[in-house]
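Shown here: my_file-v4.cif, mmCIF, C-alpha atoms.
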```cif
data_my_file
loop_
_atom_site.label_atom_id
_atom_site.label_comp_id
_atom_site.auth_asym_id
_atom_site.auth_seq_id
_atom_site.Cartn_x
_atom_site.Cartn_y
_atom_site.Cartn_z
CA MET A 1 -49.62 7.74 2.86
CA THR A 2 -48.90 4.12 3.70
CA LYS A 3 -46.58 3.70 0.71
CA LYS A 4 -44.79 6.88 1.70
CA ARG A 5 -44.10 5.54 5.18
CA ILE A 6 -42.84 2.26 3.81
CA LEU A 7 -40.49 4.04 1.44
CA ILE A 8 -39.18 6.29 4.19
CA GLY A 9 -38.62 3.29 6.44
CA LEU A 10 -36.80 1.33 3.75
CA GLY A 11 -34.68 4.35 2.88
CA PHE A 12 -33.65 4.69 6.51
CA ALA A 13 -32.76 1.00 6.68
CA ILE A 14 -30.66 1.21 3.51
CA MET A 15 -28.76 4.23 4.87
CA LEU A 16 -27.96 2.31 8.02
CA VAL A 17 -26.58 -0.59 5.99
CA ILE A 18 -24.46 1.73 3.83
CA CYS A 19 -23.01 3.44 6.90
CA THR A 20 -22.10 0.08 8.39
CA PHE A 21 -20.45 -1.21 5.22
CA SER A 22 -18.40 1.98 4.82
CA VAL A 23 -15.94 0.77 7.50
CA LEU A 24 -14.82 -2.13 5.30
CA ALA A 25 -12.56 0.15 3.19
CA TYR A 26 -9.37 0.01 5.28
CA THR A 27 -7.02 -2.99 5.27
CA LEU A 28 -4.98 -4.52 8.04
CA ALA A 29 -1.28 -5.20 7.71
CA PRO A 30 -0.30 -8.89 7.96
CA THR A 31 1.92 -8.01 10.91
CA ARG A 32 0.78 -5.68 13.62
CA PRO A 33 1.81 -4.45 17.03
CA THR A 34 1.53 -6.74 19.98
CA ALA A 35 2.02 -3.95 22.47
CA LYS A 36 0.13 -0.78 23.10
CA ASN A 37 3.20 1.31 23.82
CA LEU A 38 5.25 1.84 20.70
CA SER A 39 8.39 3.83 21.49
CA PHE A 40 10.90 5.02 18.95
CA TYR A 41 14.10 6.98 18.45
CA THR A 42 14.41 9.84 16.04
CA ASN A 43 17.61 8.99 14.20
CA GLY A 44 19.92 11.44 12.47
CA MET A 45 17.28 14.06 11.69
CA THR A 46 17.22 17.83 11.75
CA GLN A 47 14.92 19.54 14.26
CA THR A 48 12.37 20.30 11.51
CA GLN A 49 12.32 16.66 10.46
CA LYS A 50 11.97 15.52 14.08
CA ASN A 51 9.07 17.89 14.69
CA ALA A 52 7.27 16.52 11.64
CA ALA A 53 7.74 12.94 12.85
CA MET A 54 6.59 13.73 16.39
CA GLU A 55 3.45 15.50 15.17
CA ALA A 56 2.65 12.54 12.95
CA ALA A 57 3.03 10.05 15.81
CA TYR A 58 0.89 12.23 18.05
CA THR A 59 -1.88 12.33 15.42
CA TRP A 60 -2.34 8.57 15.69
CA SER A 61 -1.96 8.50 19.45
CA CYS A 62 -4.93 10.83 19.73
CA VAL A 63 -7.32 8.41 18.03
CA THR A 64 -6.19 4.89 18.80
CA ARG A 65 -8.02 4.51 22.12
CA GLY A 66 -5.13 2.96 23.99
CA ILE A 67 -1.97 2.98 21.96
CA SER A 68 0.72 5.51 22.51
CA PHE A 69 3.56 6.35 20.17
CA GLY A 70 6.28 7.78 22.39
CA THR A 71 9.74 9.04 21.69
CA LEU A 72 12.77 7.67 23.52
CA GLY A 73 14.83 10.61 22.34
CA ASP A 74 17.35 11.13 19.64
CA ARG A 75 20.16 8.85 18.55
CA THR A 76 22.56 8.64 15.69
CA GLY A 77 23.57 5.30 14.39
CA LYS A 78 22.98 2.47 12.01
CA ILE A 79 19.38 1.84 11.05
CA SER A 80 18.80 -1.87 10.93
CA PHE A 81 15.51 -3.66 10.47
CA ASP A 82 16.73 -6.56 12.57
CA ASP A 83 17.95 -4.76 15.67
CA SER A 84 16.04 -3.87 18.81
CA PHE A 85 15.68 -0.16 18.04
CA SER A 86 12.63 1.41 16.49
CA ASP A 87 14.13 4.18 14.40
CA VAL A 88 12.48 7.00 12.52
CA GLY A 89 14.64 8.89 10.07
CA PHE A 90 15.60 9.87 6.58
CA MET A 91 17.86 8.08 4.13
CA ASP A 92 19.03 8.66 0.61
CA PHE A 93 17.31 5.76 -1.14
CA ASN A 94 19.20 6.44 -4.35
CA VAL A 95 22.53 5.68 -2.72
CA ILE A 96 21.45 2.30 -1.45
CA ASP A 97 18.49 1.23 -3.51
CA TRP A 98 20.18 -1.01 -6.03
CA TYR A 99 21.50 -3.08 -3.15
CA TYR A 100 18.14 -3.10 -1.45
CA GLN A 101 15.96 -3.11 -4.55
CA ILE A 102 13.68 -0.34 -3.38
CA PRO A 103 11.17 0.73 -6.07
CA THR A 104 12.18 3.86 -7.95
CA THR A 105 9.02 5.69 -6.92
CA ALA A 106 9.34 5.07 -3.15
CA SER A 107 9.05 8.20 -1.01
CA GLY A 108 8.96 6.33 2.29
CA TYR A 109 9.13 2.91 3.83
CA CYS A 110 7.89 1.38 7.04
CA TRP A 111 9.15 -1.91 8.38
CA THR A 112 7.11 -3.60 11.08
CA ASP A 113 8.55 -6.47 13.00
CA GLN A 114 7.14 -9.16 15.23
CA ASN A 115 9.81 -10.74 17.32
CA ASN A 116 9.42 -12.52 20.63
CA ASN A 117 8.29 -10.24 23.40
CA TYR A 118 8.96 -6.87 21.96
CA ASN A 119 7.54 -4.99 19.15
CA LYS A 120 9.44 -2.67 16.88
CA PHE A 121 9.22 -0.79 13.65
CA ASP A 122 11.44 1.43 11.51
CA ILE A 123 10.33 4.32 9.35
CA VAL A 124 12.52 5.99 6.75
CA LEU A 125 11.68 8.70 4.28
CA ASN A 126 13.62 9.11 1.04
CA SER A 127 15.83 12.19 1.35
CA ASN A 128 16.22 12.12 -2.43
CA CYS A 129 12.63 13.43 -2.78
CA SER A 130 11.74 17.11 -2.44
CA TRP A 131 10.36 17.65 1.06
CA GLY A 132 8.72 20.62 2.68
CA SER A 133 6.02 21.61 5.09
CA GLY A 134 2.63 22.55 3.68
CA ASN A 135 0.46 22.06 0.63
CA SER A 136 2.45 22.50 -2.56
CA SER A 137 2.84 20.85 -5.92
CA ASN A 138 6.61 21.41 -5.61
CA TYR A 139 7.30 19.12 -2.66
CA LEU A 140 5.95 16.30 -0.56
CA ASP A 141 4.73 17.22 2.90
CA MET A 142 7.00 15.67 5.53
CA GLN A 143 4.49 15.50 8.33
CA GLY A 144 1.86 14.00 6.04
CA ASN A 145 4.18 11.29 4.75
CA PHE A 146 5.32 10.48 8.30
CA THR A 147 1.65 10.21 9.31
CA HIS A 148 1.11 7.67 6.54
CA GLU A 149 4.12 5.61 7.65
CA PHE A 150 3.10 5.70 11.31
CA GLY A 151 -0.22 4.29 10.18
CA HIS A 152 1.65 1.20 8.99
CA ALA A 153 3.51 1.05 12.30
CA ALA A 154 0.10 1.11 13.96
CA GLY A 155 -0.90 -1.99 12.02
CA LEU A 156 -2.69 -0.69 8.95
CA GLY A 157 -2.18 -1.65 5.35
CA HIS A 158 -3.05 0.55 2.41
CA SER A 159 -6.56 1.73 1.79
CA GLY A 160 -7.93 1.09 -1.66
CA THR A 161 -10.80 3.46 -1.08
CA MET A 162 -11.38 6.53 -3.15
CA PRO A 163 -13.94 8.47 -1.16
CA GLY A 164 -16.43 10.69 -2.88
CA ASN A 165 -18.11 9.76 -6.11
CA GLY A 166 -15.03 9.42 -8.26
CA SER A 167 -14.87 12.65 -10.25
CA PRO A 168 -12.08 15.19 -9.73
CA ALA A 169 -14.49 17.95 -8.85
CA ASN A 170 -16.11 15.88 -6.15
CA THR A 171 -13.11 13.90 -4.91
CA PRO A 172 -10.37 16.39 -4.18
CA ALA A 173 -7.08 15.35 -2.67
CA ALA A 174 -8.38 16.42 0.73
CA TYR A 175 -10.69 13.43 0.91
CA TYR A 176 -8.12 10.72 0.30
CA PRO A 177 -7.48 8.52 3.35
CA THR A 178 -4.08 8.87 4.98
CA MET A 179 -3.42 5.21 4.12
CA TRP A 180 -3.88 5.72 0.33
CA PRO A 181 -0.64 4.27 -1.11
CA ASN A 182 0.42 7.10 -3.42
CA THR A 183 1.58 10.64 -2.82
CA THR A 184 -0.91 11.85 -5.42
CA ASP A 185 -4.47 10.98 -6.24
CA VAL A 186 -5.29 9.44 -9.62
CA TRP A 187 -5.61 12.93 -11.15
CA GLY A 188 -2.10 13.97 -10.11
CA ASN A 189 -3.01 16.16 -7.11
CA ASN A 190 -0.50 16.01 -4.24
CA VAL A 191 -2.28 14.40 -1.28
CA THR A 192 0.60 14.36 1.23
CA TYR A 193 -0.47 17.53 3.04
CA TYR A 194 -3.92 16.03 3.55
CA TRP A 195 -2.36 12.84 4.92
CA ARG A 196 -1.77 14.88 8.09
CA THR A 197 -5.50 14.59 8.83
CA LEU A 198 -6.92 11.16 9.45
CA GLU A 199 -10.17 10.29 7.69
CA ASN A 200 -12.90 8.13 9.18
CA ASP A 201 -11.52 5.19 7.21
CA ASP A 202 -8.11 5.51 8.93
CA ILE A 203 -9.57 6.00 12.39
CA SER A 204 -11.95 3.07 12.10
CA GLY A 205 -9.09 0.86 10.97
CA VAL A 206 -6.65 1.71 13.73
CA GLN A 207 -9.31 1.53 16.41
CA TYR A 208 -10.17 -1.94 15.20
CA VAL A 209 -6.49 -2.96 15.25
CA TYR A 210 -6.33 -2.14 18.92
CA THR A 211 -9.27 -4.28 19.78
CA LEU A 212 -7.06 -7.16 18.60
CA ILE A 213 -4.26 -6.39 21.04
CA LYS A 214 -4.62 -8.54 24.15
CA MET B 215 -53.81 -0.52 14.14
CA LYS B 216 -52.37 -0.36 10.59
CA ARG B 217 -50.80 3.02 11.36
CA LYS B 218 -48.77 1.38 14.13
CA ILE B 219 -47.89 -1.83 12.31
CA ILE B 220 -46.20 -0.28 9.27
CA PRO B 221 -43.67 1.90 11.13
CA ALA B 222 -42.99 -1.01 13.46
CA ALA B 223 -42.38 -3.28 10.47
CA CYS B 224 -39.98 -0.73 8.95
CA LEU B 225 -38.12 -0.47 12.23
CA ALA B 226 -37.91 -4.25 12.51
CA ALA B 227 -36.59 -4.46 8.94
CA ALA B 228 -33.96 -1.84 9.76
CA VAL B 229 -32.83 -3.75 12.82
CA VAL B 230 -32.60 -7.01 10.88
CA LEU B 231 -30.61 -5.37 8.07
CA LEU B 232 -28.31 -3.68 10.56
CA PHE B 233 -27.70 -6.95 12.39
CA ALA B 234 -26.98 -8.68 9.08
CA ALA B 235 -24.53 -5.95 8.10
CA TYR B 236 -22.83 -6.11 11.51
CA THR B 237 -22.53 -9.89 11.26
CA ILE B 238 -21.14 -9.81 7.72
CA ASN B 239 -18.76 -7.03 8.71
CA ASN B 240 -17.43 -9.14 11.57
CA VAL B 241 -17.11 -12.20 9.35
CA TYR B 242 -14.76 -10.22 7.13
CA LYS B 243 -12.90 -8.93 10.18
CA ASP B 244 -12.63 -12.42 11.68
CA LYS B 245 -11.24 -13.69 8.40
CA ASP B 246 -8.76 -10.85 8.39
CA THR B 247 -7.83 -11.65 11.97
CA ALA B 248 -7.48 -15.38 11.32
CA ASN B 249 -5.30 -14.76 8.30
CA ALA B 250 -3.22 -12.20 10.15
CA THR B 251 -2.85 -14.40 13.22
CA ALA B 252 -1.75 -17.36 11.15
CA ASP B 253 0.62 -15.14 9.28
CA ILE B 254 2.11 -13.72 12.46
CA SER B 255 2.65 -17.12 14.01
CA SER B 256 4.39 -18.43 10.89
CA LYS B 257 6.66 -15.40 10.62
CA ALA B 258 7.65 -15.07 14.22
CA ASN B 259 11.07 -13.64 13.43
CA SER B 260 10.42 -11.71 10.27
CA GLY B 261 8.59 -8.59 9.33
CA MET B 262 6.67 -6.72 6.74
CA GLY B 263 7.41 -3.63 4.71
CA HIS B 264 5.17 -0.98 3.23
CA PHE B 265 6.05 1.70 0.71
CA SER B 266 4.51 5.07 0.14
CA GLU B 267 5.19 5.98 -3.45
CA ILE B 268 5.08 8.79 -5.93
CA ARG B 269 2.42 8.04 -8.48
CA TYR B 270 3.28 8.17 -12.19
CA ASP B 271 0.76 8.74 -14.94
CA GLN B 272 0.58 5.82 -17.32
CA ASN B 273 2.83 7.31 -20.01
CA THR B 274 5.52 8.17 -17.46
CA LEU B 275 5.26 4.71 -15.90
CA ILE B 276 5.84 3.08 -19.28
CA ASP B 277 8.58 5.51 -20.33
CA SER B 278 10.36 5.09 -16.97
CA SER B 279 10.47 1.32 -17.31
CA ASP B 280 13.47 -0.30 -18.95
CA VAL B 281 11.60 -3.58 -19.14
CA ILE B 282 7.92 -4.50 -19.01
CA VAL B 283 7.58 -8.25 -18.84
CA ARG B 284 4.90 -10.87 -18.35
CA CYS B 285 6.40 -13.60 -16.22
CA ILE B 286 5.73 -16.52 -13.90
CA PHE B 287 7.13 -16.77 -10.38
CA THR B 288 9.02 -20.09 -10.16
CA GLY B 289 8.59 -20.27 -6.40
CA LYS B 290 12.32 -19.91 -5.79
CA LYS B 291 13.49 -17.00 -3.74
CA GLU B 292 16.42 -16.16 -1.55
CA THR B 293 16.66 -13.71 1.32
CA LYS B 294 19.83 -12.24 2.75
CA ASN B 295 20.79 -9.28 4.92
CA ILE B 296 22.79 -6.51 3.31
CA THR B 297 24.57 -3.57 4.93
CA SER B 298 25.59 -0.49 2.99
CA LEU B 299 26.40 3.16 3.45
CA THR B 300 23.94 5.99 2.91
CA LYS B 301 23.29 9.51 4.24
CA ASN B 302 20.91 10.33 7.09
CA GLY B 303 18.58 13.30 7.38
CA ARG B 304 21.41 15.63 8.35
CA GLY B 305 23.51 14.50 5.38
CA GLU B 306 25.89 12.49 7.56
CA ASP B 307 27.17 9.05 6.64
CA MET B 308 25.05 6.28 8.07
CA GLU B 309 24.95 2.51 7.73
CA PHE B 310 21.74 0.82 6.74
CA GLU B 311 21.06 -2.90 7.13
CA ALA B 312 18.02 -4.75 5.86
CA PRO B 313 16.95 -8.03 4.29
CA VAL B 314 16.51 -8.27 0.54
CA THR B 315 14.66 -11.06 -1.23
CA THR B 316 15.50 -12.11 -4.77
CA TYR B 317 12.69 -13.70 -6.77
CA LYS B 318 13.43 -16.06 -9.67
CA MET B 319 11.07 -15.51 -12.58
CA LYS B 320 10.38 -17.22 -15.91
CA THR B 321 9.61 -14.95 -18.85
CA VAL B 322 6.34 -15.46 -20.72
CA GLU B 323 6.47 -12.39 -22.97
CA SER B 324 8.54 -9.23 -23.08
CA LEU B 325 6.34 -6.20 -23.77
CA LYS B 326 9.13 -3.63 -23.62
CA GLY B 327 12.88 -4.11 -23.63
CA SER B 328 14.63 -7.46 -23.72
CA VAL B 329 14.96 -9.91 -20.88
CA ASP B 330 16.28 -13.47 -20.66
CA ASP B 331 14.02 -16.52 -20.46
CA LYS B 332 14.83 -16.64 -16.78
CA PHE B 333 15.66 -13.61 -14.73
CA GLU B 334 15.76 -12.43 -11.14
CA PHE B 335 14.64 -9.28 -9.49
CA GLY B 336 14.94 -8.12 -5.91
CA LEU B 337 12.72 -6.39 -3.40
CA ILE B 338 13.59 -5.16 0.06
CA GLY B 339 12.08 -7.34 2.77
CA THR B 340 11.95 -10.97 3.82
CA GLY B 341 9.41 -12.13 1.25
CA ASP B 342 6.26 -10.72 -0.22
CA GLY B 343 3.19 -12.90 0.16
CA ASN B 344 1.73 -11.53 -3.07
CA PHE B 345 4.25 -13.58 -5.03
CA ILE B 346 2.67 -17.00 -5.38
CA LYS B 347 4.44 -19.94 -6.97
CA GLY B 348 3.15 -20.32 -10.54
CA GLY B 349 1.52 -16.89 -10.39
CA ASP B 350 1.30 -14.93 -13.65
CA TYR B 351 2.47 -11.32 -13.38
CA VAL B 352 3.30 -8.25 -15.42
CA LEU B 353 6.19 -6.30 -13.90
CA PHE B 354 7.46 -2.84 -14.74
CA LEU B 355 11.20 -2.95 -14.07
CA ASN B 356 14.32 -0.82 -14.06
CA TYR B 357 17.62 -2.47 -14.97
CA ASN B 358 21.08 -1.63 -13.69
CA SER B 359 23.56 -2.93 -16.26
CA GLU B 360 26.57 -2.43 -13.95
CA LEU B 361 25.14 -4.65 -11.25
CA ASP B 362 23.00 -6.75 -13.63
CA LYS B 363 20.03 -6.24 -11.34
CA TYR B 364 16.33 -5.59 -11.90
CA LYS B 365 13.99 -3.81 -9.52
CA LEU B 366 10.41 -2.59 -9.64
CA VAL B 367 9.77 0.92 -10.93
CA SER B 368 6.78 1.12 -8.63
CA TYR B 369 5.28 -1.41 -6.21
CA SER B 370 1.76 0.04 -6.30
CA GLN B 371 1.64 0.47 -10.08
CA GLY B 372 4.32 -1.84 -11.47
CA PHE B 373 3.40 -5.08 -9.75
CA ASN B 374 0.40 -6.63 -11.53
CA ARG B 375 -1.25 -10.02 -11.60
CA VAL B 376 -2.63 -11.40 -14.86
CA ARG B 377 -6.14 -12.76 -15.08
CA GLU B 378 -8.82 -13.63 -17.61
CA ILE B 379 -11.57 -11.11 -18.14
CA SER B 380 -15.10 -12.02 -17.18
CA LYS B 381 -17.52 -13.73 -19.58
CA GLU B 382 -19.69 -10.60 -19.55
CA LYS B 383 -16.78 -8.49 -20.70
CA ILE B 384 -15.87 -11.03 -23.38
CA ASN B 385 -19.44 -11.11 -24.68
CA ALA B 386 -19.66 -7.33 -24.71
CA ALA B 387 -16.31 -7.00 -26.48
CA LYS B 388 -17.29 -9.61 -29.10
CA ALA B 389 -20.61 -7.87 -29.70
CA ALA B 390 -18.79 -4.58 -30.26
CA ALA B 391 -16.19 -6.12 -32.57
CA ASP B 392 -16.51 -8.67 -35.35
CA GLY B 393 -17.43 -11.48 -33.00
CA THR B 394 -13.86 -12.60 -32.31
CA LEU B 395 -11.19 -11.56 -29.83
CA SER B 396 -7.47 -12.17 -29.78
CA GLN B 397 -6.06 -13.97 -26.77
CA ASP B 398 -4.49 -10.74 -25.54
CA GLN B 399 -7.90 -9.08 -25.50
CA THR B 400 -9.30 -11.75 -23.18
CA ILE B 401 -6.86 -11.10 -20.34
CA GLU B 402 -6.20 -8.10 -18.16
CA ILE B 403 -3.71 -7.04 -15.54
CA GLU B 404 -4.61 -5.87 -12.06
CA THR B 405 -2.31 -4.05 -9.66
CA VAL B 406 -1.74 -6.15 -6.58
CA GLU B 407 -1.86 -3.17 -4.25
CA THR B 408 -4.76 -1.03 -5.49
CA ASN B 409 -6.68 -3.39 -7.82
CA GLU B 410 -6.50 -1.06 -10.79
CA VAL B 411 -7.25 -2.95 -13.98
CA MET B 412 -6.04 -2.63 -17.54
CA ASN B 413 -6.60 -4.78 -20.61
CA TYR B 414 -3.45 -6.60 -21.71
CA MET B 415 -3.98 -5.75 -25.38
CA ASP B 416 -4.51 -2.08 -24.49
CA LEU B 417 -1.24 -2.08 -22.55
CA LYS B 418 0.68 -3.58 -25.45
CA ASN B 419 -0.82 -1.03 -27.85
CA LYS B 420 0.06 1.81 -25.50
CA ILE B 421 3.66 0.64 -25.26
CA LYS B 422 3.96 0.43 -29.06
CA GLU B 423 2.45 3.89 -29.41
CA LEU B 424 4.94 5.42 -26.98
CA GLU B 425 7.90 3.68 -28.57
CA LYS B 426 7.20 5.23 -31.98
#
```
Now, as a test, write the supplied structure out as structure tokens.
Amino acid sequence: MTKKRILIGLGFAIMLVICTFSVLAYTLAPTRPTAKNLSFYTNGMTQTQKNAAMEAAYTWSCVTRGISFGTLGDRTGKISFDDSFSDVGFMDFNVIDWYYQIPTTASGYCWTDQNNNYNKFDIVLNSNCSWGSGNSSNYLDMQGNFTHEFGHAAGLGHSGTMPGNGSPANTPAAYYPTMWPNTTDVWGNNVTYYWRTLENDDISGVQYVYTLIK
Amino acid sequence: MKRKIIPAACLAAAVVLLFAAYTINNVYKDKDTANATADISSKANSGMGHFSEIRYDQNTLIDSSDVIVRCIFTGKKETKNITSLTKNGRGEDMEFEAPVTTYKMKTVESLKGSVDDKFEFGLIGTGDGNFIKGGDYVLFLNYNSELDKYKLVSYSQGFNRVREISKEKINAAKAAADGTLSQDQTIEIETVETNEVMNYMDLKNKIKELEK
């Protein structure tokens, strides 16, 4: 009876430790926001593309405990990483990539900037990829990919975590964190639709980021 | 009395372990914060980029690469802003301006394709902190002959650091073989982004197999 109680107690203690250590999976970006209000323009997008971006921004705003991603409206113009506008849009990476040396496999890119008293970011998705809305092996989910990129704008790096116990049957695409760096899991399943939903790993990370904003 | 002491002892142990975990957790976070703060203050007018990328299986990654090269970063790099024309989400013409950094590399060994003893490749952004002067890397590259430019096939899969394998792995490998290992068998490559590891000899064999 005594041994049983000791074992139960130790088991409880070990579970507590495991739960605590589970939040170490996310990573922080080297640069991060210095303001809690991150406003952006949707730039040169169709209404469907804009809706996907807005939903993605709202997903993060719901969990960050203090940050808000807000839209300033729509504009059409040059996207520049060094200007004062935070732009969210699409671009054909193939047209420009040899000048900008963007990796061949890139589906999206987020630039975060720290400059004086304002804070800005730019998000562009590669219009050369196949995009759609939903869970399909034929296209990447727009809203999901935007959610991933907004995670970078919120100050997160990529998560190296593979939740579950590592086998395809037990680690479906649905359990990959939004901040996983690839559009598929290691078994080739498209994860972009599931990027729409933040996992505990993503939420813990972004909530920690905002404790750092003074 | 004993019936009260044991549960109390278990509870006390749980509290101590939880406090230790919380403290260690915060040490990692503080280190992260210190590094990030230092990084922010030293890059007051620059920024950071992050890609999301399509993932290739290993065969496709190798087949898609024009060049796979083990190389050393010389420490020399150059950043400049470039403006060019692209199409926006509605298919309209749009200008795009961003910094690009060119890294000067020294070839150690070409695993696929041919590359000069010294070559350059570029990456969008103002400078990637994962490139360390003297660092040993294996890069999977595409080559544009018209522009004479190299770029990464994939950042998350094609940007690898080289390292020696652990003594345990060496001992295990020697025990399984004839007691000796080639130099290539004693090193492995690890992706900078996701820490996926592959043996250098296995990579070379895979490349040879696919080139047949």
Task: Residue contacts of Tyr99 in chain A (12 Å, all atoms listed in the file) excluding same-chain residues fewer than 3 positions away, as a ChimeraX atom specification - done: /A:93-96,102-103 /B:294-300,310-316,335-339,358,360-365
Task: Chain and number of each residue from the PyMOL selection byres ((chain B) within 6 of (chain A)), as an MDAnalysis selection string - done: chainID B and resid 224 228 232 250 254 258:259 261:269 300:304 308:312 314 336:338 365:368 408
Open item on the list: Applying 10 Å and all atoms listed in the file, which residues near range 391-400 of chain B remain after dropping the ones on its own chain fewer than 6 positions away? List them as a list in words.
Closed with: Arg377, Glu378, Ile379, Ser380, Lys381, Lys383, Ile384, Asn385, Asn413, Tyr414, Met415, Asp416, Leu417 and Lys418 of chain B
Task: Which residue of B:Glu402, B:Asp342, B:Glu382, B:Glu334 approaches Lys318 in chain B most closely, using only C-alpha atoms - done: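 The shortest atom-to-atom distance to Lys318 in chain B comes from B:Glu334.
Using all atoms listed in the file, the shortest contact distance between Gly348 in chain B and any of B:Ile286, B:Val229, B:Ala387, B:Ile403 is found at B:Ile286.
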Task: Coordinates-based distance that separates CA of Phe345 in chain B from CA of Arg284 in chain B (Å, one decimal) - done: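 So the answer is 13.6 Å.
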Task: Evaluate the PyMOL selection byres ((chain B and resi 289) around 7) and report residues as an NGL selection string - done: :B and (287-288 or 290-291 or 346-348)
Output file for the selection above: C-alpha atoms, as a compact mmCIF listing (two decimals), in the coordinates of the input:
```txt
# COMPACT_ATOMS: atom_id res chain seq x y z
CA PHE B 287 7.13 -16.77 -10.38
CA THR B 288 9.02 -20.09 -10.16
CA LYS B 290 12.32 -19.91 -5.79
CA LYS B 291 13.49 -17.00 -3.74
CA ILE B 346 2.67 -17.00 -5.38
CA LYS B 347 4.44 -19.94 -6.97
CA GLY B 348 3.15 -20.32 -10.54
```
Task: Atomic separation - CA of Ala56 in chain A relative to CA of Gln371 in chain B, Å - done: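 Separating CA of Gln371 in chain B from CA of Ala56 in chain A is a distance of 26.0 Å.
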- [ ] Expand the PyMOL selection byres ((chain A and resi 36) around 10) into the individual residues it matches in the shown file, reporting them as a PyMOL selection string.
- [x] chain A and resi 33-35+37-39+64-69+119+154+210+213-214
Task: Selection near Gln143 in chain A, 7 Å with all atoms listed in the file, sequence-local residues under 5 positions removed, as number ranges by chain - done: A: 52-53, 55-56, 196
